[in-house]
file entry_18.txt (compact mmCIF, C-alpha atoms and all ligand atoms)
# COMPACT_ATOMS: atom_id res chain seq x y z
CA MET A 211 0.00 0.00 0.00
CA ILE A 212 1.45 3.34 -1.08
CA GLU A 213 -0.20 6.65 -0.22
CA ASP A 214 -0.95 8.93 -3.21
CA VAL A 215 1.38 11.64 -1.97
CA VAL A 216 4.25 9.14 -1.58
CA ALA A 217 3.59 7.64 -5.02
CA ALA A 218 3.69 11.10 -6.62
CA GLU A 219 7.01 11.89 -4.93
CA VAL A 220 8.52 8.50 -5.84
CA LEU A 221 7.45 8.91 -9.46
CA ALA A 222 8.92 12.42 -9.66
CA GLN A 223 12.22 11.22 -8.16
CA SER A 224 12.25 8.19 -10.46
CA GLU A 225 11.81 10.46 -13.48
CA ALA A 226 14.70 12.63 -12.31
CA ILE A 227 16.93 9.56 -11.88
CA LEU A 228 16.00 8.27 -15.34
CA GLU A 229 16.72 11.65 -16.92
CA ALA A 230 20.19 12.00 -15.36
CA ASP A 231 23.12 12.53 -17.69
CA ARG A 232 24.68 9.09 -17.08
CA PRO A 233 24.82 5.76 -18.90
CA VAL A 234 21.39 4.10 -19.03
CA GLU A 235 22.56 1.05 -17.03
CA GLU A 236 23.72 3.33 -14.20
CA ARG A 237 20.41 5.21 -14.21
CA LEU A 238 18.47 1.95 -13.94
CA GLN A 239 20.72 0.63 -11.15
CA SER A 240 20.32 3.91 -9.33
CA LEU A 241 16.54 3.71 -9.73
CA MET A 242 16.49 0.21 -8.19
CA ARG A 243 18.58 1.49 -5.27
CA TYR A 244 16.24 4.46 -4.80
CA LEU A 245 13.09 2.29 -4.76
CA HIS A 246 14.70 -0.18 -2.36
CA GLU A 247 15.75 2.58 0.03
CA THR A 248 12.54 4.60 -0.16
CA LEU A 249 9.86 1.93 0.01
CA PRO A 250 10.54 -0.26 3.08
CA HIS A 251 8.36 -3.11 1.80
CA TYR A 252 10.51 -3.42 -1.36
CA HIS A 253 12.88 -6.05 0.03
CA TRP A 254 14.21 -7.11 -3.37
CA VAL A 255 13.63 -5.00 -6.48
CA GLY A 256 14.96 -5.66 -9.95
CA ILE A 257 14.42 -5.66 -13.68
CA TYR A 258 14.29 -8.73 -15.92
CA TRP A 259 14.66 -8.16 -19.68
CA LEU A 260 12.91 -10.43 -22.15
CA ARG A 261 15.51 -11.92 -24.49
CA GLY A 262 13.96 -14.44 -26.85
CA ASP A 263 12.10 -16.94 -24.68
CA ASP A 264 13.99 -16.10 -21.49
CA LEU A 265 13.89 -13.40 -18.87
CA VAL A 266 17.42 -12.23 -18.12
CA LEU A 267 18.22 -10.49 -14.85
CA GLY A 268 19.26 -6.85 -15.20
CA PRO A 269 19.88 -4.28 -12.45
CA TYR A 270 18.63 -5.23 -9.00
CA VAL A 271 19.05 -4.45 -5.31
CA GLY A 272 18.53 -7.00 -2.56
CA PRO A 273 19.81 -10.43 -1.67
CA PRO A 274 21.64 -12.16 -4.55
CA THR A 275 19.46 -14.55 -6.56
CA GLU A 276 20.30 -17.68 -8.52
CA HIS A 277 17.44 -16.89 -10.92
CA VAL A 278 19.44 -14.91 -13.46
CA ARG A 279 17.63 -16.49 -16.43
CA ILE A 280 13.98 -17.57 -16.24
CA PRO A 281 12.19 -19.26 -19.17
CA VAL A 282 8.83 -17.74 -20.18
CA GLY A 283 6.09 -19.68 -18.36
CA ARG A 284 8.20 -20.53 -15.30
CA GLY A 285 7.73 -18.92 -11.91
CA VAL A 286 5.76 -15.78 -11.21
CA CYS A 287 8.04 -13.84 -13.55
CA GLY A 288 7.66 -16.20 -16.49
CA THR A 289 3.90 -16.44 -15.91
CA ALA A 290 3.53 -12.66 -16.25
CA VAL A 291 5.04 -12.85 -19.75
CA ALA A 292 3.16 -16.01 -20.77
CA GLU A 293 -0.16 -14.48 -19.71
CA GLY A 294 0.72 -10.93 -20.76
CA ALA A 295 -0.47 -9.76 -17.35
CA ASN A 296 0.98 -8.21 -14.21
CA GLN A 297 1.07 -10.49 -11.17
CA ILE A 298 0.33 -9.64 -7.56
CA VAL A 299 0.97 -12.69 -5.37
CA ARG A 300 -0.34 -12.26 -1.84
CA ASP A 301 1.36 -15.38 -0.49
CA VAL A 302 4.00 -17.09 -2.60
CA ARG A 303 3.57 -20.30 -0.56
CA THR A 304 0.23 -20.85 -2.31
CA ARG A 305 1.87 -20.90 -5.76
CA THR A 306 3.22 -24.18 -7.05
CA ASN A 307 4.89 -22.39 -9.95
CA TYR A 308 7.09 -20.18 -7.79
CA LEU A 309 10.87 -19.79 -7.94
CA ALA A 310 12.21 -18.90 -4.50
CA CYS A 311 14.87 -16.23 -4.54
CA ASN A 312 15.29 -16.28 -0.81
CA LEU A 313 13.40 -17.81 2.08
CA GLU A 314 12.34 -14.45 3.52
CA THR A 315 10.12 -13.68 0.51
CA LEU A 316 6.42 -14.11 1.21
CA SER A 317 4.82 -11.92 -1.46
CA GLU A 318 5.70 -10.65 -4.89
CA ILE A 319 4.59 -8.21 -7.58
CA VAL A 320 5.59 -8.29 -11.23
CA VAL A 321 4.74 -5.40 -13.57
CA LEU A 322 5.43 -5.69 -17.28
CA ILE A 323 7.56 -3.17 -19.17
CA ARG A 324 6.02 -2.72 -22.61
CA HIS A 325 7.18 -0.94 -25.74
CA PRO A 326 5.46 2.49 -25.69
CA GLU A 327 4.14 2.19 -29.25
CA THR A 328 3.78 -1.51 -30.02
CA GLY A 329 2.92 -2.78 -26.54
CA LYS A 330 5.43 -5.61 -27.04
CA ILE A 331 6.80 -6.92 -23.75
CA LEU A 332 10.36 -5.69 -23.20
CA GLY A 333 10.80 -6.97 -19.65
CA GLN A 334 9.41 -6.50 -16.17
CA ILE A 335 9.93 -4.96 -12.78
CA ASP A 336 9.93 -7.64 -10.06
CA VAL A 337 9.57 -6.81 -6.36
CA ASP A 338 9.66 -9.23 -3.41
CA GLY A 339 8.25 -8.53 0.05
CA THR A 340 8.79 -10.20 3.41
CA GLN A 341 5.16 -9.82 4.56
CA VAL A 342 2.13 -11.65 3.21
CA GLY A 343 0.06 -9.24 1.10
CA ALA A 344 2.78 -6.59 0.94
CA PHE A 345 1.63 -5.34 -2.47
CA ASP A 346 -1.64 -4.08 -3.90
CA THR A 347 -2.95 -2.07 -6.83
CA THR A 348 -1.32 1.12 -5.51
CA ASP A 349 2.09 -0.54 -5.97
CA GLU A 350 0.97 -1.76 -9.39
CA ALA A 351 -0.10 1.74 -10.49
CA LEU A 352 3.20 3.27 -9.37
CA LEU A 353 5.28 0.51 -10.96
CA GLU A 354 3.29 0.78 -14.21
CA ALA A 355 4.08 4.49 -14.39
CA ILE A 356 7.76 3.78 -13.70
CA ALA A 357 7.77 0.90 -16.22
CA GLU A 358 6.44 3.27 -18.87
CA ARG A 359 9.31 5.72 -18.23
CA ILE A 360 11.85 2.87 -18.31
CA ALA A 361 10.41 1.65 -21.64
CA ARG A 362 10.66 5.10 -23.20
CA LEU A 363 14.25 5.44 -22.02
CA VAL A 364 15.48 2.07 -23.29
CA VAL A 365 13.67 2.40 -26.63
CA ALA A 366 15.12 5.89 -27.17
CA HIS A 367 18.62 4.62 -26.43
CA ARG A 368 18.33 1.58 -28.65
CA SER A 369 17.73 3.44 -31.87
N1 LIG A 401 10.18 -15.38 -7.53
C1 LIG A 401 10.38 -15.21 -8.94
C2 LIG A 401 11.82 -15.43 -9.33
C3 LIG A 401 12.61 -14.19 -9.29
S1 LIG A 401 13.10 -13.77 -7.73
O1 LIG A 401 11.90 -13.41 -6.94
C4 LIG A 401 14.11 -12.46 -7.77
C5 LIG A 401 9.47 -16.15 -9.73
O2 LIG A 401 8.80 -17.00 -9.14
O3 LIG A 401 9.46 -16.04 -10.94
call {"tool": "encode", "arguments": {"input": "entry_18.txt", "output": "structure tokens", "more": "lines below"}}
Ligand code: SME
result
Amino acid sequence: MIEDVVAAEVLAQSEAILEADRPVEERLQSLMRYLHETLPHYHWVGIYWLRGDDLVLGPYVGPPTEHVRIPVGRGVCGTAVAEGANQIVRDVRTRTNYLACNLETLSEIVVLIRHPETGKILGQIDVDGTQVGAFDTTDEALLEAIAERIARLVVAHRS
């Protein structure tokens, strides 16, 4: 749950970080660090990029994970891509198709990063929480707005 006033501030700060005059990878790493530090329920926060039929781990902050490459369809992350839908998992223990990053994680949210014009899936923002039900639609709305800015940035720097 994120209050409107907090979400507005986090989005403004995220935009400033993404507009900084630094290499794109550094901006994204810095954004992950900012979200991790600012939102206490964001225990692990990272980006996976869709490369072919796999999700490949990009910048992240939190405990190291062995899941650096996740096939589409596997885990919460791969399910988001297979279904073309964001995922909010209240209690990861209820999911059979879950890939544990660390034992402290009890809930998870995945928000897709889509190409601004085509809507094609470019990747996703993945966040883990240590409380059951840590995330709701207020987190989803904020992460969707951030995902849109990330998409615009990476597409602009690709061409
Ligand atoms: N839990 C994810 C794997 C990624 S880690 O949370 C960082 C999943 O089930 O896809």
call {"tool": "residues_around", "arguments": {"input": "entry_18.txt", "residues": "Arg243 of chain A", "least_positions_apart": "2", "cutoff": "9 Å", "atoms": "all atoms listed in the file", "output": "list in words"}}
result
Leu238, Gln239, Ser240, Leu241, Leu245, His246, Glu247, Thr248, Val255, Tyr270, Val271 and Gly272 of chain A
call {"tool": "closest_atom_pairs", "arguments": {"input": "entry_18.txt", "of": "chain A", "to": "ligand LIG 401 (chain A)", "cutoff": "10 Å", "atoms": "all atoms listed in the file", "output": "tab-separated table"}}
result
residue	atom	partner	partner_atom	distance
A:Trp254	CA	A:LIG401	C4	6.9
A:Val255	CA	A:LIG401	C4	7.6
A:Gly256	CA	A:LIG401	C4	7.2
A:Ile257	CA	A:LIG401	C4	9.0
A:Tyr258	CA	A:LIG401	C3	8.8
A:Leu265	CA	A:LIG401	O3	9.5
A:Leu267	CA	A:LIG401	C4	8.4
A:Tyr270	CA	A:LIG401	C4	8.6
A:Val271	CA	A:LIG401	C4	9.7
A:Gly272	CA	A:LIG401	C4	8.7
A:Pro273	CA	A:LIG401	C4	8.6
A:Pro274	CA	A:LIG401	C4	8.2
A:Thr275	CA	A:LIG401	C4	5.9
A:Glu276	CA	A:LIG401	C4	8.1
A:His277	CA	A:LIG401	C3	5.8
A:Val278	CA	A:LIG401	C3	8.0
A:Arg279	CA	A:LIG401	C3	9.0
A:Ile280	CA	A:LIG401	O3	7.1
A:Pro281	CA	A:LIG401	O3	9.2
A:Val282	CA	A:LIG401	O3	9.4
A:Gly283	CA	A:LIG401	O3	8.9
A:Arg284	CA	A:LIG401	O3	6.4
A:Gly285	CA	A:LIG401	O3	3.5
A:Val286	CA	A:LIG401	O3	3.7
A:Cys287	CA	A:LIG401	O3	3.7
A:Gly288	CA	A:LIG401	O3	5.8
A:Thr289	CA	A:LIG401	O3	7.5
A:Ala290	CA	A:LIG401	O3	8.6
A:Val299	CA	A:LIG401	O2	9.7
A:Val302	CA	A:LIG401	N1	8.1
A:Arg305	CA	A:LIG401	O2	8.6
A:Thr306	CA	A:LIG401	O2	9.3
A:Asn307	CA	A:LIG401	O2	6.7
A:Tyr308	CA	A:LIG401	O2	3.9
A:Leu309	CA	A:LIG401	O2	3.7
A:Ala310	CA	A:LIG401	N1	5.1
A:Cys311	CA	A:LIG401	S1	4.4
A:Asn312	CA	A:LIG401	O1	7.6
A:Thr315	CA	A:LIG401	O1	7.7
A:Leu316	CA	A:LIG401	N1	9.6
A:Ser317	CA	A:LIG401	N1	8.8
A:Glu318	CA	A:LIG401	N1	7.0
A:Ile319	CA	A:LIG401	O1	9.0
A:Val320	CA	A:LIG401	O3	8.7
A:Ile335	CA	A:LIG401	C4	9.9
A:Asp336	CA	A:LIG401	C4	6.8
A:Val337	CA	A:LIG401	O1	7.0
A:Asp338	CA	A:LIG401	O1	5.9
A:Gly339	CA	A:LIG401	O1	9.3
call {"tool": "atom_distance", "arguments": {"input": "entry_18.txt", "atom1": "atom CA of Leu228 of chain A", "atom2": "atom CA of Glu350 of chain A"}}
result
19.0 Å
call {"tool": "closest_residue", "arguments": {"input": "entry_18.txt", "among": "A:Ile212, A:Val291, A:Leu332, A:Val342", "to": "Glu314 of chain A", "atoms": "only C-alpha atoms"}}
result
A:Val342
call {"tool": "closest_residue", "arguments": {"input": "entry_18.txt", "among": "A:Arg237, A:His251, A:His325, A:His367", "to": "Thr340 of chain A", "atoms": "all atoms listed in the file"}}
result
A:His251
call {"tool": "atom_distance", "arguments": {"input": "entry_18.txt", "atom1": "atom CA of Phe345 of chain A", "atom2": "atom CA of Met211 of chain A"}}
result
6.1 Å
call {"tool": "closest_residue", "arguments": {"input": "entry_18.txt", "among": "A:Ile356, A:Leu249, A:Gly333, A:Glu213", "to": "Ala295 of chain A", "atoms": "all atoms listed in the file"}}
result
A:Gly333
call {"tool": "decode", "arguments": {"input": "entry_18.txt", "residues": "segment 251-281 of chain A", "atoms": "N, CA and C atoms", "output": "mmCIF file, in the first residue's frame"}}
result
data_model
loop_
_atom_site.group_PDB
_atom_site.id
_atom_site.type_symbol
_atom_site.label_atom_id
_atom_site.label_comp_id
_atom_site.auth_asym_id
_atom_site.auth_seq_id
_atom_site.Cartn_x
_atom_site.Cartn_y
_atom_site.Cartn_z
ATOM 1 N N HIS A 251 8.848 -1.762 2.108
ATOM 2 C CA HIS A 251 8.355 -3.112 1.803
ATOM 3 C C HIS A 251 8.958 -3.673 0.513
ATOM 4 N N TYR A 252 9.836 -2.921 -0.153
ATOM 5 C CA TYR A 252 10.515 -3.421 -1.357
ATOM 6 C C TYR A 252 11.835 -4.074 -0.918
ATOM 7 N N HIS A 253 11.727 -5.341 -0.542
ATOM 8 C CA HIS A 253 12.876 -6.053 0.033
ATOM 9 C C HIS A 253 13.891 -6.421 -1.052
ATOM 10 N N TRP A 254 13.382 -6.809 -2.188
ATOM 11 C CA TRP A 254 14.215 -7.113 -3.373
ATOM 12 C C TRP A 254 13.523 -6.437 -4.537
ATOM 13 N N VAL A 255 14.250 -5.652 -5.314
ATOM 14 C CA VAL A 255 13.631 -5.004 -6.476
ATOM 15 C C VAL A 255 14.594 -5.052 -7.653
ATOM 16 N N GLY A 256 14.087 -5.522 -8.787
ATOM 17 C CA GLY A 256 14.964 -5.655 -9.948
ATOM 18 C C GLY A 256 14.197 -5.655 -11.249
ATOM 19 N N ILE A 257 14.979 -5.623 -12.327
ATOM 20 C CA ILE A 257 14.417 -5.658 -13.677
ATOM 21 C C ILE A 257 14.881 -6.943 -14.359
ATOM 22 N N TYR A 258 13.948 -7.639 -15.003
ATOM 23 C CA TYR A 258 14.293 -8.726 -15.919
ATOM 24 C C TYR A 258 13.971 -8.250 -17.324
ATOM 25 N N TRP A 259 14.900 -8.500 -18.263
ATOM 26 C CA TRP A 259 14.664 -8.162 -19.682
ATOM 27 C C TRP A 259 14.269 -9.421 -20.430
ATOM 28 N N LEU A 260 13.314 -9.289 -21.326
ATOM 29 C CA LEU A 260 12.915 -10.433 -22.148
ATOM 30 C C LEU A 260 13.873 -10.537 -23.336
ATOM 31 N N ARG A 261 14.581 -11.662 -23.385
ATOM 32 C CA ARG A 261 15.512 -11.923 -24.488
ATOM 33 C C ARG A 261 15.119 -13.254 -25.100
ATOM 34 N N GLY A 262 14.469 -13.202 -26.254
ATOM 35 C CA GLY A 262 13.957 -14.435 -26.847
ATOM 36 C C GLY A 262 12.892 -15.023 -25.937
ATOM 37 N N ASP A 263 13.085 -16.269 -25.530
ATOM 38 C CA ASP A 263 12.103 -16.942 -24.678
ATOM 39 C C ASP A 263 12.534 -16.969 -23.220
ATOM 40 N N ASP A 264 13.503 -16.144 -22.870
ATOM 41 C CA ASP A 264 13.993 -16.105 -21.490
ATOM 42 C C ASP A 264 13.929 -14.698 -20.922
ATOM 43 N N LEU A 265 13.740 -14.657 -19.610
ATOM 44 C CA LEU A 265 13.894 -13.402 -18.873
ATOM 45 C C LEU A 265 15.310 -13.391 -18.300
ATOM 46 N N VAL A 266 16.032 -12.319 -18.555
ATOM 47 C CA VAL A 266 17.423 -12.229 -18.116
ATOM 48 C C VAL A 266 17.529 -11.118 -17.079
ATOM 49 N N LEU A 267 18.138 -11.446 -15.952
ATOM 50 C CA LEU A 267 18.222 -10.485 -14.853
ATOM 51 C C LEU A 267 19.076 -9.277 -15.234
ATOM 52 N N GLY A 268 18.542 -8.103 -14.988
ATOM 53 C CA GLY A 268 19.255 -6.847 -15.203
ATOM 54 C C GLY A 268 19.611 -6.251 -13.846
ATOM 55 N N PRO A 269 19.526 -4.920 -13.724
ATOM 56 C CA PRO A 269 19.882 -4.276 -12.453
ATOM 57 C C PRO A 269 18.933 -4.672 -11.330
ATOM 58 N N TYR A 270 19.477 -4.908 -10.148
ATOM 59 C CA TYR A 270 18.625 -5.227 -8.998
ATOM 60 C C TYR A 270 19.321 -4.818 -7.721
ATOM 61 N N VAL A 271 18.520 -4.715 -6.649
ATOM 62 C CA VAL A 271 19.050 -4.449 -5.310
ATOM 63 C C VAL A 271 18.334 -5.384 -4.349
ATOM 64 N N GLY A 272 19.090 -6.042 -3.501
ATOM 65 C CA GLY A 272 18.527 -7.003 -2.558
ATOM 66 C C GLY A 272 19.414 -8.222 -2.516
ATOM 67 N N PRO A 273 18.988 -9.233 -1.772
ATOM 68 C CA PRO A 273 19.811 -10.432 -1.666
ATOM 69 C C PRO A 273 20.085 -11.037 -3.041
ATOM 70 N N PRO A 274 21.309 -11.553 -3.252
ATOM 71 C CA PRO A 274 21.636 -12.163 -4.549
ATOM 72 C C PRO A 274 20.683 -13.304 -4.865
ATOM 73 N N THR A 275 20.375 -13.479 -6.145
ATOM 74 C CA THR A 275 19.455 -14.547 -6.561
ATOM 75 C C THR A 275 20.131 -15.462 -7.572
ATOM 76 N N GLU A 276 19.765 -16.746 -7.521
ATOM 77 C CA GLU A 276 20.297 -17.684 -8.520
ATOM 78 C C GLU A 276 19.476 -17.618 -9.807
ATOM 79 N N HIS A 277 18.319 -16.918 -9.750
ATOM 80 C CA HIS A 277 17.444 -16.885 -10.923
ATOM 81 C C HIS A 277 17.835 -15.741 -11.856
ATOM 82 N N VAL A 278 18.952 -15.955 -12.548
ATOM 83 C CA VAL A 278 19.438 -14.913 -13.458
ATOM 84 C C VAL A 278 18.852 -15.076 -14.862
ATOM 85 N N ARG A 279 18.263 -16.225 -15.120
ATOM 86 C CA ARG A 279 17.626 -16.494 -16.427
ATOM 87 C C ARG A 279 16.406 -17.365 -16.173
ATOM 88 N N ILE A 280 15.228 -16.857 -16.528
ATOM 89 C CA ILE A 280 13.977 -17.573 -16.244
ATOM 90 C C ILE A 280 13.226 -17.781 -17.561
ATOM 91 N N PRO A 281 12.944 -19.029 -17.936
ATOM 92 C CA PRO A 281 12.186 -19.261 -19.166
ATOM 93 C C PRO A 281 10.754 -18.719 -19.045
#
